[in-house]
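So this block is work.tsv, TSV, C-alpha atoms and all ligand atoms:
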```tsv
chain	number	residue	atom	x	y	z
A	1	MET	CA	-31.57	-0.63	-79.75
A	2	LEU	CA	-32.13	1.09	-76.41
A	3	LYS	CA	-33.49	-2.10	-75.03
A	4	GLU	CA	-30.31	-3.94	-75.84
A	5	LYS	CA	-28.23	-1.18	-74.33
A	6	ILE	CA	-30.26	-1.45	-71.14
A	7	GLU	CA	-29.80	-5.19	-71.04
A	8	GLU	CA	-26.10	-4.69	-71.53
A	9	ILE	CA	-25.82	-2.17	-68.68
A	10	ARG	CA	-27.88	-4.49	-66.55
A	11	ALA	CA	-25.48	-7.37	-67.20
A	12	GLN	CA	-22.45	-5.22	-66.49
A	13	ALA	CA	-23.96	-3.73	-63.34
A	14	GLU	CA	-25.03	-7.12	-62.05
A	15	ALA	CA	-21.56	-8.51	-62.64
A	16	ALA	CA	-19.92	-5.49	-60.99
A	17	PHE	CA	-22.23	-5.63	-57.96
A	18	LYS	CA	-21.76	-9.33	-57.46
A	19	ALA	CA	-17.99	-9.10	-57.78
A	20	ALA	CA	-17.53	-6.01	-55.56
A	21	PRO	CA	-14.92	-7.04	-52.98
A	22	SER	CA	-15.91	-4.44	-50.38
A	23	ALA	CA	-18.76	-2.16	-49.38
A	24	LYS	CA	-16.81	0.73	-50.78
A	25	ASP	CA	-16.33	-0.94	-54.18
A	26	LEU	CA	-19.99	-1.86	-54.23
A	27	TYR	CA	-21.02	1.70	-53.56
A	28	ASP	CA	-18.66	2.98	-56.25
A	29	ALA	CA	-20.23	0.52	-58.69
A	30	LYS	CA	-23.69	1.73	-57.73
A	31	VAL	CA	-22.67	5.33	-58.44
A	32	GLN	CA	-21.17	4.27	-61.76
A	33	PHE	CA	-24.30	2.49	-62.97
A	34	LEU	CA	-27.27	3.91	-61.08
A	35	GLY	CA	-25.97	7.32	-59.97
A	36	LYS	CA	-27.09	10.69	-61.36
A	37	GLN	CA	-24.16	10.79	-63.76
A	38	GLY	CA	-24.24	7.02	-64.23
A	39	SER	CA	-24.78	4.84	-67.31
A	40	PHE	CA	-28.43	4.40	-66.52
A	41	SER	CA	-29.13	8.11	-66.39
A	42	SER	CA	-27.50	8.69	-69.75
A	43	ILE	CA	-29.74	6.00	-71.30
A	44	MET	CA	-32.78	7.69	-69.81
A	45	LYS	CA	-31.85	10.89	-71.62
A	46	GLU	CA	-32.20	9.03	-74.89
A	47	MET	CA	-35.80	8.17	-74.04
A	48	GLY	CA	-36.86	11.41	-75.68
A	49	LYS	CA	-36.05	9.91	-79.06
A	50	LEU	CA	-38.67	7.25	-78.65
A	51	SER	CA	-42.16	7.48	-80.08
A	52	ALA	CA	-45.18	7.93	-77.82
A	53	GLU	CA	-46.16	4.27	-78.29
A	54	GLU	CA	-42.76	2.95	-77.42
A	55	LYS	CA	-42.38	5.03	-74.24
A	56	PRO	CA	-44.66	3.09	-71.81
A	57	ALA	CA	-43.05	-0.26	-72.55
A	58	PHE	CA	-39.63	1.26	-72.31
A	59	GLY	CA	-40.48	2.97	-69.02
A	60	LYS	CA	-41.71	-0.31	-67.63
A	61	LEU	CA	-38.53	-2.05	-68.65
A	62	VAL	CA	-36.37	0.64	-67.10
A	63	ASN	CA	-38.26	0.32	-63.81
A	64	GLU	CA	-37.96	-3.45	-63.78
A	65	VAL	CA	-34.26	-3.36	-64.50
A	66	LYS	CA	-33.70	-0.70	-61.89
A	67	GLN	CA	-35.59	-2.67	-59.30
A	68	ALA	CA	-33.77	-5.85	-60.20
A	69	LEU	CA	-30.41	-4.09	-59.89
A	70	GLU	CA	-31.40	-2.54	-56.58
A	71	ALA	CA	-32.20	-6.02	-55.34
A	72	VAL	CA	-28.85	-7.42	-56.50
A	73	TYR	CA	-27.21	-4.43	-54.85
A	74	ALA	CA	-29.05	-5.01	-51.61
A	75	ASP	CA	-28.15	-8.70	-51.56
A	76	ARG	CA	-24.52	-7.97	-52.15
A	77	GLU	CA	-24.54	-5.22	-49.54
A	78	THR	CA	-25.96	-7.60	-46.94
A	79	ALA	CA	-23.42	-10.27	-47.84
A	80	LEU	CA	-20.51	-7.84	-47.66
A	81	LYS	CA	-21.67	-6.39	-44.34
A	82	GLY	CA	-21.86	-9.90	-42.94
A	83	GLN	CA	-18.36	-10.68	-44.15
A	84	GLU	CA	-16.96	-7.44	-42.78
A	85	LEU	CA	-18.63	-7.99	-39.42
A	86	ALA	CA	-17.31	-11.54	-39.29
A	87	SER	CA	-13.74	-10.50	-40.01
A	88	GLN	CA	-13.98	-7.58	-37.59
A	89	LEU	CA	-15.24	-9.93	-34.88
A	90	GLN	CA	-12.42	-12.28	-35.59
A	91	ALA	CA	-9.82	-9.53	-35.50
A	92	GLU	CA	-11.12	-8.16	-32.24
A	93	ALA	CA	-11.89	-11.51	-30.71
A	94	LEU	CA	-11.52	-11.61	-26.93
A	95	ASP	CA	-10.04	-14.74	-25.46
A	96	LEU	CA	-12.23	-15.09	-22.44
A	97	SER	CA	-10.12	-17.94	-21.14
A	98	LEU	CA	-7.04	-15.69	-20.68
A	99	PRO	CA	-6.37	-14.73	-17.08
A	100	SER	CA	-7.31	-11.09	-16.54
A	101	ALA	CA	-4.64	-8.46	-15.96
A	102	THR	CA	-4.10	-8.78	-12.22
A	103	ALA	CA	-4.95	-5.82	-10.07
A	104	ALA	CA	-1.99	-5.00	-7.87
A	105	PRO	CA	-3.46	-3.86	-4.58
A	106	GLY	CA	-1.02	-2.39	-2.08
A	107	ALA	CA	-0.12	-4.09	1.17
A	108	ARG	CA	0.28	-2.57	4.61
A	109	HIS	CA	3.91	-2.07	5.58
A	110	PRO	CA	4.98	-4.48	8.34
A	111	VAL	CA	5.91	-1.50	10.52
A	112	ALA	CA	2.39	-0.13	10.19
A	113	LEU	CA	0.94	-3.56	10.98
A	114	VAL	CA	3.08	-3.99	14.09
A	115	ILE	CA	2.19	-0.48	15.33
A	116	GLU	CA	-1.47	-1.31	14.88
A	117	GLU	CA	-1.10	-4.65	16.60
A	118	ILE	CA	0.91	-3.42	19.60
A	119	SER	CA	-1.22	-0.35	20.18
A	120	GLY	CA	-4.29	-2.58	19.84
A	121	ILE	CA	-3.03	-4.85	22.63
A	122	LEU	CA	-2.13	-1.92	24.87
A	123	SER	CA	-5.44	-0.21	24.19
A	124	ARG	CA	-7.10	-3.17	25.91
A	125	LEU	CA	-5.17	-2.15	29.03
A	126	GLY	CA	-6.48	1.39	28.72
A	127	TYR	CA	-3.57	2.94	26.79
A	128	SER	CA	-4.16	5.47	24.01
A	129	ILE	CA	-1.78	6.79	21.36
A	130	ARG	CA	0.24	10.03	21.49
A	131	THR	CA	2.74	11.35	18.97
A	132	GLY	CA	5.30	14.13	18.88
A	133	PRO	CA	7.66	16.02	16.55
A	134	LEU	CA	10.53	14.22	14.85
A	135	ILE	CA	12.80	17.22	15.32
A	136	GLU	CA	12.99	17.58	19.08
A	137	SER	CA	14.56	20.15	21.29
A	138	ASP	CA	17.37	19.01	23.55
A	139	ARG	CA	15.00	19.66	26.43
A	140	TYR	CA	12.50	16.96	25.45
A	141	ASN	CA	14.90	14.45	23.96
A	142	PHE	CA	17.45	14.63	26.81
A	143	GLU	CA	17.15	17.22	29.56
A	144	GLY	CA	13.56	16.51	30.59
A	145	LEU	CA	14.48	12.84	30.61
A	146	ASN	CA	17.12	13.47	33.24
A	147	PHE	CA	20.11	13.37	30.91
A	148	PRO	CA	22.35	16.06	32.43
A	149	PRO	CA	24.32	18.19	29.93
A	150	ASP	CA	27.44	16.39	28.74
A	151	HIS	CA	26.37	13.22	30.52
A	152	PRO	CA	27.92	10.15	28.89
A	153	ALA	CA	24.46	8.55	28.62
A	154	ARG	CA	23.84	10.84	25.65
A	155	ASP	CA	26.49	8.85	23.84
A	156	MET	CA	24.32	5.73	24.11
A	157	GLN	CA	22.08	7.36	21.54
A	158	ASP	CA	24.14	8.17	18.46
A	159	THR	CA	22.46	11.48	17.95
A	160	PHE	CA	21.89	13.39	14.72
A	161	TYR	CA	22.14	17.05	15.71
A	162	ILE	CA	20.23	19.71	13.76
A	163	ASP	CA	21.90	22.49	15.73
A	164	LYS	CA	23.00	22.95	19.33
A	165	GLU	CA	19.45	22.92	20.63
A	166	HIS	CA	17.73	20.50	18.28
A	167	VAL	CA	18.11	16.84	17.36
A	168	LEU	CA	16.31	14.25	15.29
A	169	ARG	CA	14.66	12.52	18.20
A	170	THR	CA	16.65	9.45	19.20
A	171	HIS	CA	13.72	7.75	20.93
A	172	THR	CA	9.99	8.15	21.54
A	173	SER	CA	10.53	8.98	25.22
A	174	PRO	CA	10.16	12.76	24.62
A	175	ILE	CA	6.48	11.96	24.03
A	176	GLN	CA	6.33	10.95	27.72
A	177	ILE	CA	7.41	14.43	28.75
A	178	ARG	CA	5.09	16.21	26.33
A	179	THR	CA	2.16	14.14	27.58
A	180	MET	CA	2.91	14.66	31.28
A	181	GLU	CA	3.24	18.40	30.74
A	182	LEU	CA	-0.14	18.61	29.05
A	183	GLU	CA	-2.30	16.01	30.74
A	184	ARG	CA	-3.22	15.27	34.33
A	185	PRO	CA	-2.52	11.83	35.81
A	186	PRO	CA	-3.60	9.05	35.93
A	187	LEU	CA	-2.14	8.45	32.47
A	188	ARG	CA	-1.85	5.41	30.26
A	189	VAL	CA	-0.36	6.42	26.93
A	190	VAL	CA	1.51	4.87	24.02
A	191	GLY	CA	4.10	7.04	22.28
A	192	VAL	CA	4.84	5.86	18.77
A	193	GLY	CA	6.69	6.90	15.64
A	194	PRO	CA	9.99	7.18	13.76
A	195	VAL	CA	13.27	7.75	15.59
A	196	PHE	CA	16.80	8.37	14.29
A	197	ARG	CA	20.28	7.31	15.23
A	198	ALA	CA	23.62	7.55	13.46
A	199	ASP	CA	24.06	3.83	13.23
A	200	SER	CA	23.76	1.47	10.29
A	201	ASP	CA	24.41	-2.24	9.84
A	202	ILE	CA	22.49	-5.48	9.45
A	203	SER	CA	20.64	-4.95	12.73
A	204	HIS	CA	20.71	-1.13	13.00
A	205	SER	CA	19.06	1.37	10.72
A	206	PRO	CA	19.56	5.15	11.00
A	207	ASN	CA	15.81	5.55	10.95
A	208	PHE	CA	13.57	3.10	12.70
A	209	HIS	CA	10.46	3.16	14.85
A	210	GLN	CA	9.72	2.82	18.51
A	211	ILE	CA	6.62	2.29	20.54
A	212	GLU	CA	6.55	2.90	24.25
A	213	GLY	CA	4.11	2.77	27.07
A	214	LEU	CA	3.85	5.19	29.97
A	215	CYS	CA	1.67	4.61	32.98
A	216	VAL	CA	1.40	7.25	35.71
A	217	ASP	CA	-0.79	6.39	38.66
A	218	ARG	CA	-0.95	6.54	42.46
A	219	ARG	CA	0.84	3.37	43.42
A	220	VAL	CA	2.97	1.99	40.68
A	221	SER	CA	5.55	-0.75	41.14
A	222	MET	CA	7.85	-3.02	39.16
A	223	ALA	CA	5.18	-5.69	39.60
A	224	ASP	CA	2.72	-3.59	37.55
A	225	LEU	CA	5.40	-3.11	34.90
A	226	LYS	CA	6.17	-6.80	34.74
A	227	GLY	CA	2.49	-7.78	34.66
A	228	THR	CA	1.88	-5.37	31.80
A	229	ILE	CA	4.86	-6.59	29.78
A	230	SER	CA	4.06	-10.28	30.40
A	231	PHE	CA	0.51	-9.72	29.18
A	232	PHE	CA	1.81	-7.84	26.19
A	233	VAL	CA	4.35	-10.54	25.23
A	234	ARG	CA	1.76	-13.33	25.40
A	235	GLU	CA	-0.70	-11.32	23.32
A	236	TYR	CA	1.79	-10.11	20.75
A	237	PHE	CA	3.54	-13.40	20.10
A	238	GLY	CA	0.39	-15.47	20.69
A	239	LYS	CA	2.35	-17.91	22.86
A	240	ASP	CA	2.78	-18.47	26.56
A	241	LEU	CA	6.34	-17.11	26.63
A	242	LYS	CA	8.10	-16.17	29.88
A	243	THR	CA	9.46	-12.67	30.42
A	244	ARG	CA	12.52	-11.67	32.46
A	245	PHE	CA	14.14	-8.43	33.58
A	246	ARG	CA	17.85	-7.75	33.52
A	247	PRO	CA	19.21	-4.78	35.49
A	248	SER	CA	20.11	-1.91	33.20
A	249	PHE	CA	20.49	1.83	33.11
A	250	PHE	CA	18.47	4.63	31.59
A	251	PRO	CA	18.71	8.16	33.03
A	252	PHE	CA	14.90	8.47	32.97
A	253	THR	CA	14.01	5.28	34.85
A	254	GLU	CA	15.04	3.99	38.25
A	255	PRO	CA	15.31	1.09	38.62
A	256	SER	CA	15.82	0.26	34.95
A	257	ALA	CA	15.60	-3.11	33.27
A	258	GLU	CA	16.15	-4.65	29.89
A	259	VAL	CA	13.23	-6.85	29.00
A	260	ASP	CA	13.85	-10.31	27.55
A	261	CYS	CA	11.24	-12.82	26.57
A	262	GLN	CA	11.60	-16.44	25.58
A	263	CYS	CA	12.43	-16.61	21.92
A	264	PRO	CA	9.19	-16.94	19.94
A	265	ILE	CA	10.97	-18.60	17.02
A	266	CYS	CA	12.17	-21.65	19.03
A	267	SER	CA	9.66	-21.15	21.90
A	268	GLY	CA	12.57	-20.68	24.32
A	269	LYS	CA	14.21	-24.01	23.55
A	270	GLY	CA	17.28	-22.55	21.86
A	271	VAL	CA	17.07	-25.19	19.16
A	272	ILE	CA	14.81	-25.90	16.23
A	273	GLY	CA	14.98	-29.64	15.67
A	274	SER	CA	18.70	-30.36	15.80
A	275	GLN	CA	19.68	-26.84	14.67
A	276	ASP	CA	20.65	-23.98	16.96
A	277	CYS	CA	18.04	-21.23	16.82
A	278	ARG	CA	19.61	-18.33	14.92
A	279	MET	CA	17.20	-15.70	16.22
A	280	CYS	CA	18.23	-16.10	19.90
A	281	LYS	CA	21.68	-17.53	19.14
A	282	ALA	CA	20.65	-20.72	20.91
A	283	SER	CA	20.11	-18.92	24.24
A	284	GLY	CA	16.32	-19.32	24.26
A	285	TRP	CA	15.95	-15.65	25.29
A	286	ILE	CA	15.69	-12.53	23.23
A	287	GLU	CA	15.90	-8.87	24.19
A	288	ILE	CA	12.81	-6.90	23.27
A	289	GLY	CA	13.28	-3.50	24.90
A	290	GLY	CA	13.98	-1.26	27.86
A	291	SER	CA	11.83	-0.42	30.85
A	292	GLY	CA	11.73	0.87	34.38
A	293	LEU	CA	9.98	3.02	36.95
A	294	VAL	CA	9.85	6.64	35.85
A	295	HIS	CA	12.66	8.52	37.60
A	296	PRO	CA	11.34	10.99	40.20
A	297	ASN	CA	13.36	13.76	38.54
A	298	VAL	CA	11.52	13.14	35.26
A	299	LEU	CA	8.13	13.36	36.96
A	300	LYS	CA	9.11	16.52	38.83
A	301	LEU	CA	10.58	18.22	35.75
A	302	ALA	CA	7.32	17.57	33.91
A	303	GLY	CA	5.29	19.01	36.79
A	304	VAL	CA	3.89	15.73	38.11
A	305	GLN	CA	3.64	15.55	41.92
A	306	TYR	CA	5.93	12.82	43.17
A	307	PRO	CA	5.57	10.66	45.28
A	308	GLU	CA	1.79	11.12	45.06
A	309	TRP	CA	2.06	10.04	41.46
A	310	GLN	CA	4.48	7.40	40.23
A	311	GLY	CA	5.03	5.77	36.90
A	312	PHE	CA	6.49	3.00	34.84
A	313	ALA	CA	7.56	3.03	31.21
A	314	PHE	CA	8.68	0.52	28.64
A	315	GLY	CA	9.84	0.88	25.06
A	316	PHE	CA	10.29	-1.43	22.10
A	317	GLY	CA	11.83	-1.09	18.67
A	318	ILE	CA	9.07	-1.78	16.17
A	319	GLU	CA	11.27	-3.25	13.42
A	320	ARG	CA	12.83	-5.46	16.07
A	321	MET	CA	9.40	-6.66	17.19
A	322	ALA	CA	8.59	-7.55	13.58
A	323	ILE	CA	11.98	-9.21	13.09
A	324	ILE	CA	11.50	-11.40	16.15
A	325	LYS	CA	7.93	-12.33	15.36
A	326	TYR	CA	8.43	-13.10	11.67
A	327	GLY	CA	12.04	-14.31	11.72
A	328	ILE	CA	13.33	-11.53	9.43
A	329	ASP	CA	17.13	-11.47	9.20
A	330	ASP	CA	17.98	-7.98	7.96
A	331	ILE	CA	16.56	-4.70	9.27
A	332	ARG	CA	17.39	-2.95	5.99
A	333	LEU	CA	14.57	-4.84	4.27
A	334	PHE	CA	12.09	-2.50	5.95
A	335	ASN	CA	13.33	0.48	3.99
A	336	GLU	CA	14.07	-1.07	0.62
A	337	ASN	CA	10.44	-1.08	-0.53
A	338	ASP	CA	10.81	-4.43	-2.25
A	339	VAL	CA	7.23	-5.50	-2.76
A	340	ARG	CA	8.19	-9.17	-2.61
A	341	PHE	CA	9.19	-8.57	1.01
A	342	LEU	CA	6.37	-6.20	1.90
A	343	ARG	CA	3.59	-8.34	0.42
A	344	GLN	CA	4.30	-11.18	2.80
A	345	PHE	CA	2.83	-9.26	5.70
A	346	SER	CA	-0.51	-8.15	4.29
A	347	LEU	CA	-3.29	-9.86	6.13
B	1	LIG	N1	13.96	5.26	25.29
B	1	LIG	C1	14.75	4.09	25.55
B	1	LIG	C2	15.65	3.83	24.35
B	1	LIG	O1	15.37	4.25	23.29
B	1	LIG	C3	13.90	2.85	25.77
B	1	LIG	C4	13.09	2.96	27.03
B	1	LIG	C5	11.78	3.41	26.96
B	1	LIG	C6	13.64	2.60	28.24
B	1	LIG	C7	11.02	3.49	28.12
B	1	LIG	C8	12.89	2.68	29.40
B	1	LIG	C9	11.60	3.13	29.32
B	1	LIG	O2	16.69	3.23	24.49
```
Encoded form using structure tokens:
Amino acid sequence: MLKEKIEEIRAQAEAAFKAAPSAKDLYDAKVQFLGKQGSFSSIMKEMGKLSAEEKPAFGKLVNEVKQALEAVYADRETALKGQELASQLQAEALDLSLPSATAAPGARHPVALVIEEISGILSRLGYSIRTGPLIESDRYNFEGLNFPPDHPARDMQDTFYIDKEHVLRTHTSPIQIRTMELERPPLRVVGVGPVFRADSDISHSPNFHQIEGLCVDRRVSMADLKGTISFFVREYFGKDLKTRFRPSFFPFTEPSAEVDCQCPICSGKGVIGSQDCRMCKASGWIEIGGSGLVHPNVLKLAGVQYPEWQGFAFGFGIERMAIIKYGIDDIRLFNENDVRFLRQFSL
């Protein structure tokens, strides 16, 4: 009787184990048949009814069946684990042939690159960088640069006034004054940074950058200025372009000159193939900045002994230098932070 019951439980358990669809179902089946409260345990309780002779054989049978079921269980468990692993691997499969998510490294801003490049060229002539405040006093932005009060030359520089005494600096020339006040000649310095003017269109931005050179030494002439600028132009544009001076006026230089160089886009020819060069408007020349010999008043106001010490200075707009070199057609691009524009300049 008991023996048949055991065989019956064995058959049921075997069937349940083999058919268990998941590890959880299998475990539940194990609890149902082999657990403490399971069918097998209740059978064991009936063992007491057996006679002493019957017990050993019955015990043996129970052990065999248990072992056999454990084995079926173990087989099924291994099979299920394999299946689960396989489907998990499939679900989480990595397609190693997909392109990886691209890292998006930043790029240097063209203004930063041009500053680095220009100051690098000038450093080979012995120049080193100086900076100054963006909010300047009237004294450094104008007065010390020989702009008399109410002089019309102040109108050349559409000034943003903070108050009567302070402006957003309209050029980097105040750095010249600050340097001459603090340092003893001979001097070779580059003033660089943002400047501000109330002016905005396709070629003017209210905030832009300038870089300027100041040399103060014992015998300084226009020839030194021209030699320096010619060297600079050849190095910066990487071409043997000619440089020319046109007479001009700045209160802080005398004589003063606008600096032109042959257009780097058309190499001074004025045409590209059969097309007029748009950068230089077919003239073959392009204006790059202002320059001159430092006005004696400027030297004296800054405490430099003139004529023992003399100087020359030259200044460029940085965006303009980038525009000319790279053929950019709108100055506003520099401030729009469009990465498609900015990325083109990273080295
Ligand atoms: N500071 C002048 C300007 O912004 C440029 C300049 C610099 C001219 C140095 C002469 C010498 O217009």
Return the single residue from A:Glu336, A:Glu258, A:Glu235, A:Glu84 that is closest to ligand LIG 1 (chain B), with distances computed using all atoms listed in the file.
-> A:Glu258
From the list A:Arg154, A:Lys49, A:Arg218, A:Lys18, which residue is nearest ligand LIG 1 (chain B) when using all atoms listed in the file?
-> A:Arg154
Taking only C-alpha atoms and all ligand atoms into account, report as a ChimeraX atom specification which residues have an atom no farther than 8 Å from an atom of ligand LIG 1 (chain B).
-> /A:157,170-173,210,212-214,250,252-253,256-258,289-294,312-317
Residue with smallest distance to Phe237 in chain A - pool A:Met222, A:Ile286, A:Met321, A:Val216, counting all atoms listed in the file | A:Met321
All residues 8 Å or closer to Leu299 in chain A, only C-alpha atoms, same chain fewer than 6 positions away omitted, as a ChimeraX atom specification | /A:180,305-306,310
Residue selection dump (C-alpha atoms) as an mmCIF file, in the frame of the given file:
```cif
data_model
loop_
_atom_site.group_PDB
_atom_site.id
_atom_site.type_symbol
_atom_site.label_atom_id
_atom_site.label_comp_id
_atom_site.auth_asym_id
_atom_site.auth_seq_id
_atom_site.Cartn_x
_atom_site.Cartn_y
_atom_site.Cartn_z
ATOM 1 C CA MET A 180 2.910 14.660 31.280
ATOM 2 C CA GLN A 305 3.640 15.550 41.920
ATOM 3 C CA TYR A 306 5.930 12.820 43.170
ATOM 4 C CA GLN A 310 4.480 7.400 40.230
#
```
Atom pair CA of Ile328 in chain A / CA of Glu116 in chain A: separation (Å) |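 Taking CA of Ile328 in chain A as the start and CA of Glu116 in chain A as the end point, the length is 18.8 Å.
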